>>> print(open('target_32.txt').read())   # compact mmCIF, N, CA and C atoms
# COMPACT_ATOMS: atom_id res chain seq x y z
N ASP A 94 87.63 114.27 141.85
CA ASP A 94 88.57 113.59 142.72
C ASP A 94 89.87 113.35 141.96
N ARG A 95 90.98 113.53 142.67
CA ARG A 95 92.31 113.52 142.05
C ARG A 95 92.65 112.20 141.36
N LEU A 96 92.30 111.06 141.98
CA LEU A 96 92.61 109.76 141.40
C LEU A 96 91.90 109.59 140.06
N ALA A 97 90.66 109.96 139.99
CA ALA A 97 89.91 109.86 138.73
C ALA A 97 90.53 110.77 137.68
N GLY A 98 90.94 111.97 138.09
CA GLY A 98 91.58 112.89 137.17
C GLY A 98 92.86 112.32 136.60
N ASP A 99 93.70 111.74 137.46
CA ASP A 99 94.94 111.12 137.00
C ASP A 99 94.67 109.98 136.03
N TYR A 100 93.67 109.18 136.35
CA TYR A 100 93.33 108.04 135.48
C TYR A 100 92.97 108.53 134.09
N PHE A 101 92.05 109.48 133.99
CA PHE A 101 91.60 109.95 132.68
C PHE A 101 92.69 110.69 131.93
N GLU A 102 93.64 111.28 132.65
CA GLU A 102 94.74 111.96 131.99
C GLU A 102 95.73 110.98 131.38
N GLN A 103 95.93 109.84 132.01
CA GLN A 103 96.98 108.91 131.60
C GLN A 103 96.50 107.67 130.86
N VAL A 104 95.22 107.32 130.98
CA VAL A 104 94.72 106.06 130.44
C VAL A 104 93.56 106.31 129.50
N ASN A 105 93.58 105.63 128.37
CA ASN A 105 92.46 105.66 127.45
C ASN A 105 92.05 104.22 127.19
N TYR A 106 90.80 103.88 127.46
CA TYR A 106 90.30 102.51 127.36
C TYR A 106 89.23 102.41 126.28
N VAL A 107 89.39 101.44 125.40
CA VAL A 107 88.35 101.10 124.42
C VAL A 107 88.06 99.63 124.61
N GLY A 108 86.85 99.34 125.06
CA GLY A 108 86.45 97.97 125.36
C GLY A 108 85.93 97.24 124.14
N HIS A 109 85.51 96.00 124.37
CA HIS A 109 84.95 95.17 123.30
C HIS A 109 83.71 95.84 122.72
N HIS A 110 82.91 96.47 123.57
CA HIS A 110 81.79 97.27 123.10
C HIS A 110 82.31 98.68 122.83
N ASP A 111 81.77 99.33 121.84
CA ASP A 111 82.32 100.60 121.38
C ASP A 111 82.27 101.72 122.41
N GLY A 112 81.25 101.76 123.25
CA GLY A 112 81.17 102.79 124.27
C GLY A 112 80.93 104.19 123.72
N VAL A 113 80.34 104.28 122.54
CA VAL A 113 80.00 105.59 121.99
C VAL A 113 78.53 105.87 122.26
N LYS A 114 78.19 107.13 122.32
CA LYS A 114 76.81 107.55 122.56
C LYS A 114 76.09 107.64 121.21
N HIS A 115 75.13 106.76 121.00
CA HIS A 115 74.45 106.65 119.70
C HIS A 115 73.62 107.88 119.36
N GLU A 116 73.14 108.60 120.37
CA GLU A 116 72.29 109.76 120.11
C GLU A 116 73.10 111.03 119.82
N LEU A 117 74.41 110.95 119.99
CA LEU A 117 75.29 112.09 119.70
C LEU A 117 75.93 111.93 118.32
N SER A 118 76.43 113.03 117.78
CA SER A 118 77.16 112.97 116.51
C SER A 118 78.58 112.45 116.77
N CYS A 119 79.28 112.17 115.69
CA CYS A 119 80.68 111.73 115.82
C CYS A 119 81.51 112.80 116.52
N LEU A 120 81.36 114.05 116.09
CA LEU A 120 82.13 115.13 116.72
C LEU A 120 81.77 115.30 118.19
N GLU A 121 80.50 115.18 118.52
CA GLU A 121 80.09 115.31 119.93
C GLU A 121 80.70 114.19 120.77
N ASN A 122 80.78 112.99 120.23
CA ASN A 122 81.41 111.89 120.96
C ASN A 122 82.89 112.18 121.21
N LEU A 123 83.58 112.73 120.22
CA LEU A 123 84.99 113.06 120.41
C LEU A 123 85.17 114.20 121.40
N ARG A 124 84.28 115.18 121.37
CA ARG A 124 84.35 116.28 122.35
C ARG A 124 84.16 115.75 123.76
N LEU A 125 83.25 114.80 123.92
CA LEU A 125 83.02 114.20 125.23
C LEU A 125 84.26 113.45 125.70
N ALA A 126 84.88 112.68 124.82
CA ALA A 126 86.11 111.95 125.18
C ALA A 126 87.21 112.93 125.55
N ARG A 127 87.33 113.99 124.80
CA ARG A 127 88.36 114.99 125.06
C ARG A 127 88.14 115.67 126.40
N ALA A 128 86.91 115.92 126.76
CA ALA A 128 86.59 116.60 128.02
C ALA A 128 86.98 115.75 129.22
N MET A 129 87.06 114.44 129.04
CA MET A 129 87.38 113.54 130.16
C MET A 129 88.88 113.35 130.35
N GLY A 130 89.68 113.71 129.37
CA GLY A 130 91.12 113.49 129.48
C GLY A 130 91.89 114.76 129.18
N VAL A 131 93.17 114.61 128.93
CA VAL A 131 94.01 115.74 128.53
C VAL A 131 93.88 115.87 127.02
N PRO A 132 93.32 116.98 126.54
CA PRO A 132 93.10 117.11 125.10
C PRO A 132 94.40 117.05 124.31
N SER A 133 94.35 116.36 123.18
CA SER A 133 95.49 116.39 122.28
C SER A 133 95.42 117.72 121.53
N GLN A 134 96.46 118.03 120.81
CA GLN A 134 96.49 119.27 120.04
C GLN A 134 95.86 119.08 118.66
N GLN A 135 95.45 117.85 118.36
CA GLN A 135 94.86 117.57 117.05
C GLN A 135 93.45 118.14 116.96
N ASP A 136 93.15 118.74 115.84
CA ASP A 136 91.80 119.20 115.56
C ASP A 136 90.90 117.98 115.41
N LEU A 137 89.70 118.05 115.95
CA LEU A 137 88.81 116.88 115.92
C LEU A 137 88.38 116.51 114.51
N ASP A 138 88.27 117.49 113.61
CA ASP A 138 88.00 117.16 112.21
C ASP A 138 89.15 116.35 111.62
N ASP A 139 90.39 116.70 112.01
CA ASP A 139 91.55 115.94 111.55
C ASP A 139 91.53 114.52 112.10
N VAL A 140 91.11 114.37 113.35
CA VAL A 140 90.99 113.03 113.94
C VAL A 140 90.01 112.20 113.13
N LEU A 141 88.85 112.77 112.83
CA LEU A 141 87.86 112.04 112.03
C LEU A 141 88.40 111.72 110.65
N ASP A 142 89.15 112.64 110.07
CA ASP A 142 89.74 112.41 108.76
C ASP A 142 90.73 111.24 108.80
N LYS A 143 91.52 111.17 109.85
CA LYS A 143 92.51 110.09 109.98
C LYS A 143 91.86 108.71 110.01
N VAL A 144 90.63 108.63 110.51
CA VAL A 144 89.95 107.33 110.62
C VAL A 144 88.84 107.20 109.57
N ASN A 145 88.94 108.03 108.53
CA ASN A 145 88.00 107.97 107.40
C ASN A 145 86.55 108.19 107.81
N LEU A 146 86.33 109.12 108.73
CA LEU A 146 84.97 109.46 109.16
C LEU A 146 84.67 110.95 109.02
N TYR A 147 85.52 111.68 108.32
CA TYR A 147 85.35 113.13 108.22
C TYR A 147 83.96 113.51 107.71
N ALA A 148 83.46 112.79 106.72
CA ALA A 148 82.16 113.10 106.12
C ALA A 148 81.00 112.86 107.09
N TYR A 149 81.27 112.18 108.21
CA TYR A 149 80.23 111.82 109.16
C TYR A 149 80.30 112.62 110.46
N GLY A 150 81.03 113.70 110.47
CA GLY A 150 81.23 114.47 111.70
C GLY A 150 79.94 114.87 112.40
N GLU A 151 78.95 115.30 111.66
CA GLU A 151 77.68 115.75 112.24
C GLU A 151 76.62 114.66 112.23
N THR A 152 76.98 113.45 111.80
CA THR A 152 76.03 112.34 111.71
C THR A 152 75.81 111.71 113.08
N GLU A 153 74.56 111.42 113.39
CA GLU A 153 74.23 110.72 114.63
C GLU A 153 74.82 109.31 114.57
N VAL A 154 75.54 108.94 115.59
CA VAL A 154 76.28 107.68 115.61
C VAL A 154 75.37 106.47 115.44
N GLY A 155 74.15 106.54 115.93
CA GLY A 155 73.24 105.41 115.81
C GLY A 155 72.97 104.99 114.38
N SER A 156 73.21 105.88 113.42
CA SER A 156 72.96 105.55 112.02
C SER A 156 74.20 104.99 111.31
N LEU A 157 75.31 104.87 112.01
CA LEU A 157 76.54 104.36 111.40
C LEU A 157 76.57 102.84 111.39
N SER A 158 77.40 102.28 110.51
CA SER A 158 77.61 100.83 110.48
C SER A 158 78.45 100.41 111.69
N ALA A 159 78.51 99.12 111.94
CA ALA A 159 79.32 98.61 113.06
C ALA A 159 80.79 98.98 112.90
N GLY A 160 81.31 98.89 111.69
CA GLY A 160 82.71 99.24 111.45
C GLY A 160 82.98 100.72 111.66
N GLN A 161 82.04 101.56 111.24
CA GLN A 161 82.19 103.00 111.45
C GLN A 161 82.14 103.35 112.93
N LYS A 162 81.25 102.70 113.66
CA LYS A 162 81.18 102.93 115.12
C LYS A 162 82.49 102.52 115.78
N ARG A 163 83.07 101.41 115.32
CA ARG A 163 84.33 100.95 115.91
C ARG A 163 85.45 101.93 115.60
N ARG A 164 85.48 102.44 114.37
CA ARG A 164 86.51 103.43 114.02
C ARG A 164 86.35 104.68 114.88
N LEU A 165 85.11 105.09 115.15
CA LEU A 165 84.88 106.25 116.01
C LEU A 165 85.35 105.95 117.44
N ALA A 166 85.04 104.77 117.94
CA ALA A 166 85.48 104.40 119.29
C ALA A 166 87.00 104.49 119.39
N LEU A 167 87.69 103.99 118.38
CA LEU A 167 89.15 104.02 118.39
C LEU A 167 89.68 105.43 118.13
N ALA A 168 88.92 106.25 117.43
CA ALA A 168 89.34 107.64 117.19
C ALA A 168 89.47 108.41 118.50
N ARG A 169 88.73 107.98 119.52
CA ARG A 169 88.83 108.65 120.83
C ARG A 169 90.26 108.58 121.36
N LEU A 170 91.02 107.56 120.95
CA LEU A 170 92.41 107.45 121.39
C LEU A 170 93.22 108.66 120.93
N LEU A 171 92.86 109.19 119.77
CA LEU A 171 93.61 110.31 119.18
C LEU A 171 93.14 111.66 119.71
N ALA A 172 91.99 111.68 120.38
CA ALA A 172 91.43 112.94 120.87
C ALA A 172 92.05 113.40 122.18
N THR A 173 92.79 112.51 122.84
CA THR A 173 93.47 112.87 124.08
C THR A 173 94.94 112.47 123.99
N ASP A 174 95.73 112.92 124.93
CA ASP A 174 97.16 112.61 124.96
C ASP A 174 97.51 111.55 126.00
N ALA A 175 96.58 110.66 126.30
CA ALA A 175 96.87 109.59 127.27
C ALA A 175 98.02 108.73 126.76
N LEU A 176 98.92 108.36 127.67
CA LEU A 176 100.07 107.54 127.30
C LEU A 176 99.73 106.05 127.23
N LEU A 177 98.81 105.61 128.07
CA LEU A 177 98.47 104.19 128.14
C LEU A 177 97.13 103.95 127.47
N TRP A 178 97.14 103.11 126.45
CA TRP A 178 95.91 102.71 125.77
C TRP A 178 95.63 101.26 126.15
N ILE A 179 94.46 101.00 126.69
CA ILE A 179 94.03 99.64 127.01
C ILE A 179 92.91 99.29 126.04
N LEU A 180 93.14 98.26 125.23
CA LEU A 180 92.23 97.94 124.13
C LEU A 180 91.79 96.49 124.21
N ASP A 181 90.50 96.28 124.22
CA ASP A 181 89.92 94.94 124.24
C ASP A 181 89.36 94.65 122.85
N GLU A 182 90.02 93.77 122.13
CA GLU A 182 89.60 93.40 120.77
C GLU A 182 89.38 94.63 119.89
N PRO A 183 90.43 95.42 119.68
CA PRO A 183 90.25 96.67 118.93
C PRO A 183 89.84 96.48 117.48
N PHE A 184 90.10 95.30 116.90
CA PHE A 184 89.81 95.09 115.48
C PHE A 184 88.42 94.52 115.22
N THR A 185 87.61 94.36 116.26
CA THR A 185 86.25 93.87 116.09
C THR A 185 85.49 94.77 115.12
N SER A 186 84.82 94.17 114.14
CA SER A 186 83.98 94.86 113.15
C SER A 186 84.75 95.67 112.12
N LEU A 187 86.08 95.60 112.13
CA LEU A 187 86.86 96.36 111.16
C LEU A 187 87.22 95.50 109.95
N ASP A 188 87.23 96.13 108.77
CA ASP A 188 87.69 95.45 107.57
C ASP A 188 89.23 95.50 107.54
N LYS A 189 89.81 94.81 106.58
CA LYS A 189 91.28 94.72 106.52
C LYS A 189 91.93 96.10 106.37
N ALA A 190 91.33 96.96 105.57
CA ALA A 190 91.91 98.30 105.38
C ALA A 190 91.90 99.09 106.70
N SER A 191 90.82 98.99 107.45
CA SER A 191 90.75 99.70 108.74
C SER A 191 91.69 99.09 109.76
N MET A 192 91.85 97.76 109.71
CA MET A 192 92.80 97.11 110.61
C MET A 192 94.21 97.62 110.33
N ALA A 193 94.56 97.74 109.05
CA ALA A 193 95.89 98.24 108.68
C ALA A 193 96.05 99.70 109.12
N LEU A 194 95.00 100.49 108.93
CA LEU A 194 95.03 101.89 109.34
C LEU A 194 95.32 102.01 110.84
N PHE A 195 94.59 101.26 111.66
CA PHE A 195 94.79 101.37 113.10
C PHE A 195 96.10 100.73 113.55
N SER A 196 96.55 99.70 112.87
CA SER A 196 97.88 99.16 113.20
C SER A 196 98.93 100.24 113.03
N GLY A 197 98.80 101.03 111.96
CA GLY A 197 99.72 102.14 111.74
C GLY A 197 99.62 103.20 112.83
N LEU A 198 98.40 103.52 113.24
CA LEU A 198 98.21 104.51 114.32
C LEU A 198 98.74 103.98 115.65
N PHE A 199 98.58 102.67 115.89
CA PHE A 199 99.12 102.07 117.11
C PHE A 199 100.65 102.16 117.08
N GLU A 200 101.24 101.88 115.92
CA GLU A 200 102.70 101.95 115.81
C GLU A 200 103.19 103.38 116.07
N GLN A 201 102.50 104.38 115.56
CA GLN A 201 102.88 105.77 115.82
C GLN A 201 102.82 106.10 117.31
N HIS A 202 101.80 105.59 117.99
CA HIS A 202 101.68 105.83 119.44
C HIS A 202 102.88 105.21 120.17
N LEU A 203 103.26 104.01 119.77
CA LEU A 203 104.41 103.34 120.40
C LEU A 203 105.70 104.10 120.13
N GLN A 204 105.84 104.64 118.93
CA GLN A 204 107.04 105.40 118.58
C GLN A 204 107.15 106.69 119.39
N ARG A 205 106.01 107.20 119.87
CA ARG A 205 106.00 108.41 120.72
C ARG A 205 106.12 108.04 122.19
N GLN A 206 106.58 106.82 122.47
CA GLN A 206 106.80 106.32 123.83
C GLN A 206 105.49 106.00 124.55
N GLY A 207 104.41 105.83 123.80
CA GLY A 207 103.16 105.39 124.40
C GLY A 207 103.20 103.90 124.67
N VAL A 208 102.23 103.43 125.44
CA VAL A 208 102.13 102.02 125.81
C VAL A 208 100.73 101.54 125.42
N ILE A 209 100.67 100.33 124.87
CA ILE A 209 99.38 99.73 124.51
C ILE A 209 99.30 98.35 125.14
N VAL A 210 98.23 98.10 125.86
CA VAL A 210 97.92 96.77 126.37
C VAL A 210 96.65 96.37 125.64
N MET A 211 96.73 95.25 124.89
CA MET A 211 95.55 94.87 124.12
C MET A 211 95.34 93.37 124.12
N THR A 212 94.08 93.00 124.01
CA THR A 212 93.72 91.61 123.75
C THR A 212 93.24 91.55 122.31
N SER A 213 93.57 90.46 121.63
CA SER A 213 93.12 90.34 120.25
C SER A 213 93.19 88.90 119.79
N HIS A 214 92.20 88.52 119.00
CA HIS A 214 92.22 87.23 118.33
C HIS A 214 92.74 87.38 116.91
N HIS A 215 93.04 88.59 116.49
CA HIS A 215 93.55 88.86 115.16
C HIS A 215 95.07 88.92 115.19
N ASP A 216 95.67 88.67 114.03
CA ASP A 216 97.10 88.88 113.90
C ASP A 216 97.37 90.37 113.99
N ILE A 217 98.38 90.72 114.73
CA ILE A 217 98.72 92.13 114.94
C ILE A 217 100.00 92.42 114.18
N SER A 218 99.95 93.38 113.28
CA SER A 218 101.13 93.70 112.50
C SER A 218 101.79 94.95 113.06
N LEU A 219 102.58 94.72 114.08
CA LEU A 219 103.40 95.77 114.68
C LEU A 219 104.83 95.26 114.72
N PRO A 220 105.81 96.16 114.75
CA PRO A 220 107.20 95.70 114.80
C PRO A 220 107.43 94.77 115.99
N ALA A 221 108.17 93.71 115.75
CA ALA A 221 108.41 92.68 116.78
C ALA A 221 108.99 93.28 118.05
N GLN A 222 109.86 94.29 117.93
CA GLN A 222 110.47 94.87 119.12
C GLN A 222 109.45 95.62 119.97
N SER A 223 108.28 95.91 119.41
CA SER A 223 107.24 96.62 120.15
C SER A 223 106.29 95.69 120.88
N LEU A 224 106.37 94.40 120.60
CA LEU A 224 105.39 93.45 121.12
C LEU A 224 105.95 92.53 122.18
N GLN A 225 105.13 92.26 123.12
CA GLN A 225 105.37 91.15 124.04
C GLN A 225 104.07 90.36 124.05
N ARG A 226 104.11 89.19 123.43
CA ARG A 226 102.89 88.38 123.30
C ARG A 226 102.74 87.47 124.51
N LEU A 227 101.54 87.46 125.03
CA LEU A 227 101.18 86.55 126.10
C LEU A 227 100.07 85.67 125.55
N LYS A 228 100.34 84.39 125.44
CA LYS A 228 99.34 83.47 124.91
C LYS A 228 98.62 82.83 126.07
N MET A 229 97.31 83.02 126.10
CA MET A 229 96.51 82.48 127.19
C MET A 229 96.27 81.00 126.95
N GLY A 230 96.27 80.22 128.02
CA GLY A 230 96.02 78.79 127.92
C GLY A 230 94.58 78.49 127.60
N ASP A 231 94.29 77.22 127.37
CA ASP A 231 92.93 76.81 127.03
C ASP A 231 91.99 76.85 128.22
N ALA A 232 92.52 76.80 129.42
CA ALA A 232 91.67 76.83 130.62
C ALA A 232 91.16 78.26 130.83
N ALA A 233 89.88 78.36 131.03
CA ALA A 233 89.33 79.71 131.25
C ALA A 233 88.32 79.68 132.38
>>> encode(input="target_32.txt", output="structure tokens")
Amino acid sequence: DRLAGDYFEQVNYVGHHDGVKHELSCLENLRLARAMGVPSQQDLDDVLDKVNLYAYGETEVGSLSAGQKRRLALARLLATDALLWILDEPFTSLDKASMALFSGLFEQHLQRQGVIVMTSHHDISLPAQSLQRLKMGDAA
């Protein structure tokens, strides 16, 4: 259906839960993500390398740590050319080095005229001109 096609071409969503298939390898998960959207021109091994998972390409995701699974979930952003990234707590389970890595990748996406809508309880280190912060009230 055309609406679903447009959605997957333009939007990439990574939720609070990683949404990766534990019985598949890292590369198989990226191939699946790529099949649902407009493929980027990046080689999938290069995508894994960018997120420090190159050595785990053929590894079944179920055997990875929580941080590695999160990096793989976020690597799906690089496997397609979607302009809008919607991210729910993208830094969950990431160490400081991985948070810095993805902050840099987020900044690159913004520099390419991409858009990111994200929720986060972590400090976000992106250029001030790229951010519009909305602080939610205590009422929920």
>>> select_by_dssp(input="target_32.txt", residues="region 145-184 of chain A", states="strand (DSSP E or B)", output="list in words")
Glu153, Thr173, Leu177, Trp178, Ile179, Leu180 and Asp181 of chain A
>>> write_last_selection(input="target_32.txt", atoms="N, CA and C atoms", output="mmCIF file, keeping the file's coordinate frame")
data_model
loop_
_atom_site.group_PDB
_atom_site.id
_atom_site.type_symbol
_atom_site.label_atom_id
_atom_site.label_comp_id
_atom_site.auth_asym_id
_atom_site.auth_seq_id
_atom_site.Cartn_x
_atom_site.Cartn_y
_atom_site.Cartn_z
ATOM 1 N N GLU A 153 74.560 111.420 113.390
ATOM 2 C CA GLU A 153 74.230 110.720 114.630
ATOM 3 C C GLU A 153 74.820 109.310 114.570
ATOM 4 N N THR A 173 92.790 112.510 122.840
ATOM 5 C CA THR A 173 93.470 112.870 124.080
ATOM 6 C C THR A 173 94.940 112.470 123.990
ATOM 7 N N LEU A 177 98.810 105.610 128.070
ATOM 8 C CA LEU A 177 98.470 104.190 128.140
ATOM 9 C C LEU A 177 97.130 103.950 127.470
ATOM 10 N N TRP A 178 97.140 103.110 126.450
ATOM 11 C CA TRP A 178 95.910 102.710 125.770
ATOM 12 C C TRP A 178 95.630 101.260 126.150
ATOM 13 N N ILE A 179 94.460 101.000 126.690
ATOM 14 C CA ILE A 179 94.030 99.640 127.010
ATOM 15 C C ILE A 179 92.910 99.290 126.040
ATOM 16 N N LEU A 180 93.140 98.260 125.230
ATOM 17 C CA LEU A 180 92.230 97.940 124.130
ATOM 18 C C LEU A 180 91.790 96.490 124.210
ATOM 19 N N ASP A 181 90.500 96.280 124.220
ATOM 20 C CA ASP A 181 89.920 94.940 124.240
ATOM 21 C C ASP A 181 89.360 94.650 122.850
#
>>> select_by_dssp(input="target_32.txt", residues="region 95-178 of chain A", states="helix (DSSP H, G or I)", output="PyMOL selection string")
chain A and resi 95-103+119-129+137-143+147-149+154-156+159-172
>>> write_last_selection(input="target_32.txt", atoms="N, CA and C atoms", output="short mmCIF file (atom, residue, chain, number, x, y, z; two decimals), in the coordinates of the input")
data_model
loop_
_atom_site.label_atom_id
_atom_site.label_comp_id
_atom_site.auth_asym_id
_atom_site.auth_seq_id
_atom_site.Cartn_x
_atom_site.Cartn_y
_atom_site.Cartn_z
N ARG A 95 90.98 113.53 142.67
CA ARG A 95 92.31 113.52 142.05
C ARG A 95 92.65 112.20 141.36
N LEU A 96 92.30 111.06 141.98
CA LEU A 96 92.61 109.76 141.40
C LEU A 96 91.90 109.59 140.06
N ALA A 97 90.66 109.96 139.99
CA ALA A 97 89.91 109.86 138.73
C ALA A 97 90.53 110.77 137.68
N GLY A 98 90.94 111.97 138.09
CA GLY A 98 91.58 112.89 137.17
C GLY A 98 92.86 112.32 136.60
N ASP A 99 93.70 111.74 137.46
CA ASP A 99 94.94 111.12 137.00
C ASP A 99 94.67 109.98 136.03
N TYR A 100 93.67 109.18 136.35
CA TYR A 100 93.33 108.04 135.48
C TYR A 100 92.97 108.53 134.09
N PHE A 101 92.05 109.48 133.99
CA PHE A 101 91.60 109.95 132.68
C PHE A 101 92.69 110.69 131.93
N GLU A 102 93.64 111.28 132.65
CA GLU A 102 94.74 111.96 131.99
C GLU A 102 95.73 110.98 131.38
N GLN A 103 95.93 109.84 132.01
CA GLN A 103 96.98 108.91 131.60
C GLN A 103 96.50 107.67 130.86
N CYS A 119 79.28 112.17 115.69
CA CYS A 119 80.68 111.73 115.82
C CYS A 119 81.51 112.80 116.52
N LEU A 120 81.36 114.05 116.09
CA LEU A 120 82.13 115.13 116.72
C LEU A 120 81.77 115.30 118.19
N GLU A 121 80.50 115.18 118.52
CA GLU A 121 80.09 115.31 119.93
C GLU A 121 80.70 114.19 120.77
N ASN A 122 80.78 112.99 120.23
CA ASN A 122 81.41 111.89 120.96
C ASN A 122 82.89 112.18 121.21
N LEU A 123 83.58 112.73 120.22
CA LEU A 123 84.99 113.06 120.41
C LEU A 123 85.17 114.20 121.40
N ARG A 124 84.28 115.18 121.37
CA ARG A 124 84.35 116.28 122.35
C ARG A 124 84.16 115.75 123.76
N LEU A 125 83.25 114.80 123.92
CA LEU A 125 83.02 114.20 125.23
C LEU A 125 84.26 113.45 125.70
N ALA A 126 84.88 112.68 124.82
CA ALA A 126 86.11 111.95 125.18
C ALA A 126 87.21 112.93 125.55
N ARG A 127 87.33 113.99 124.80
CA ARG A 127 88.36 114.99 125.06
C ARG A 127 88.14 115.67 126.40
N ALA A 128 86.91 115.92 126.76
CA ALA A 128 86.59 116.60 128.02
C ALA A 128 86.98 115.75 129.22
N MET A 129 87.06 114.44 129.04
CA MET A 129 87.38 113.54 130.16
C MET A 129 88.88 113.35 130.35
N LEU A 137 89.70 118.05 115.95
CA LEU A 137 88.81 116.88 115.92
C LEU A 137 88.38 116.51 114.51
N ASP A 138 88.27 117.49 113.61
CA ASP A 138 88.00 117.16 112.21
C ASP A 138 89.15 116.35 111.62
N ASP A 139 90.39 116.70 112.01
CA ASP A 139 91.55 115.94 111.55
C ASP A 139 91.53 114.52 112.10
N VAL A 140 91.11 114.37 113.35
CA VAL A 140 90.99 113.03 113.94
C VAL A 140 90.01 112.20 113.13
N LEU A 141 88.85 112.77 112.83
CA LEU A 141 87.86 112.04 112.03
C LEU A 141 88.40 111.72 110.65
N ASP A 142 89.15 112.64 110.07
CA ASP A 142 89.74 112.41 108.76
C ASP A 142 90.73 111.24 108.80
N LYS A 143 91.52 111.17 109.85
CA LYS A 143 92.51 110.09 109.98
C LYS A 143 91.86 108.71 110.01
N TYR A 147 85.52 111.68 108.32
CA TYR A 147 85.35 113.13 108.22
C TYR A 147 83.96 113.51 107.71
N ALA A 148 83.46 112.79 106.72
CA ALA A 148 82.16 113.10 106.12
C ALA A 148 81.00 112.86 107.09
N TYR A 149 81.27 112.18 108.21
CA TYR A 149 80.23 111.82 109.16
C TYR A 149 80.30 112.62 110.46
N VAL A 154 75.54 108.94 115.59
CA VAL A 154 76.28 107.68 115.61
C VAL A 154 75.37 106.47 115.44
N GLY A 155 74.15 106.54 115.93
CA GLY A 155 73.24 105.41 115.81
C GLY A 155 72.97 104.99 114.38
N SER A 156 73.21 105.88 113.42
CA SER A 156 72.96 105.55 112.02
C SER A 156 74.20 104.99 111.31
N ALA A 159 78.51 99.12 111.94
CA ALA A 159 79.32 98.61 113.06
C ALA A 159 80.79 98.98 112.90
N GLY A 160 81.31 98.89 111.69
CA GLY A 160 82.71 99.24 111.45
C GLY A 160 82.98 100.72 111.66
N GLN A 161 82.04 101.56 111.24
CA GLN A 161 82.19 103.00 111.45
C GLN A 161 82.14 103.35 112.93
N LYS A 162 81.25 102.70 113.66
CA LYS A 162 81.18 102.93 115.12
C LYS A 162 82.49 102.52 115.78
N ARG A 163 83.07 101.41 115.32
CA ARG A 163 84.33 100.95 115.91
C ARG A 163 85.45 101.93 115.60
N ARG A 164 85.48 102.44 114.37
CA ARG A 164 86.51 103.43 114.02
C ARG A 164 86.35 104.68 114.88
N LEU A 165 85.11 105.09 115.15
CA LEU A 165 84.88 106.25 116.01
C LEU A 165 85.35 105.95 117.44
N ALA A 166 85.04 104.77 117.94
CA ALA A 166 85.48 104.40 119.29
C ALA A 166 87.00 104.49 119.39
N LEU A 167 87.69 103.99 118.38
CA LEU A 167 89.15 104.02 118.39
C LEU A 167 89.68 105.43 118.13
N ALA A 168 88.92 106.25 117.43
CA ALA A 168 89.34 107.64 117.19
C ALA A 168 89.47 108.41 118.50
N ARG A 169 88.73 107.98 119.52
CA ARG A 169 88.83 108.65 120.83
C ARG A 169 90.26 108.58 121.36
N LEU A 170 91.02 107.56 120.95
CA LEU A 170 92.41 107.45 121.39
C LEU A 170 93.22 108.66 120.93
N LEU A 171 92.86 109.19 119.77
CA LEU A 171 93.61 110.31 119.18
C LEU A 171 93.14 111.66 119.71
N ALA A 172 91.99 111.68 120.38
CA ALA A 172 91.43 112.94 120.87
C ALA A 172 92.05 113.40 122.18
#
>>> residues_around(input="target_32.txt", residues="Ser158 (chain A)", least_positions_apart="4", cutoff="12 Å", atoms="only C-alpha atoms", output="PyMOL selection string")
chain A and resi 111+115+146+149+152-154+162-165+186-188
>>> residues_around(input="target_32.txt", residues="Val113 (chain A)", least_positions_apart="6", cutoff="10 Å", atoms="only C-alpha atoms", output="list in words")
Val107, Cys119, Glu121, Asn122, Leu123, Leu125, Ala126, Val154, Gly155, Lys162, Arg163, Leu165, Ala166, Leu167 and Arg169 of chain A
>>> atom_distance(input="target_32.txt", atom1="CA of Leu170 (chain A)", atom2="CA of Asn105 (chain A)")
6.3 Å
>>> atom_distance(input="target_32.txt", atom1="CA of Ile209 (chain A)", atom2="CA of Met129 (chain A)")
19.1 Å
>>> atom_distance(input="target_32.txt", atom1="CA of Gln206 (chain A)", atom2="CA of Leu180 (chain A)")
16.8 Å
>>> residues_around(input="target_32.txt", residues="region 130-145 of chain A", least_positions_apart="3", cutoff="7 Å", atoms="only C-alpha atoms", output="list in words")
Phe101, Glu102, Leu120, Ala126, Arg127, Arg164, Ala168, Leu171, Ala172, Thr173, Asp174 and Ala175 of chain A
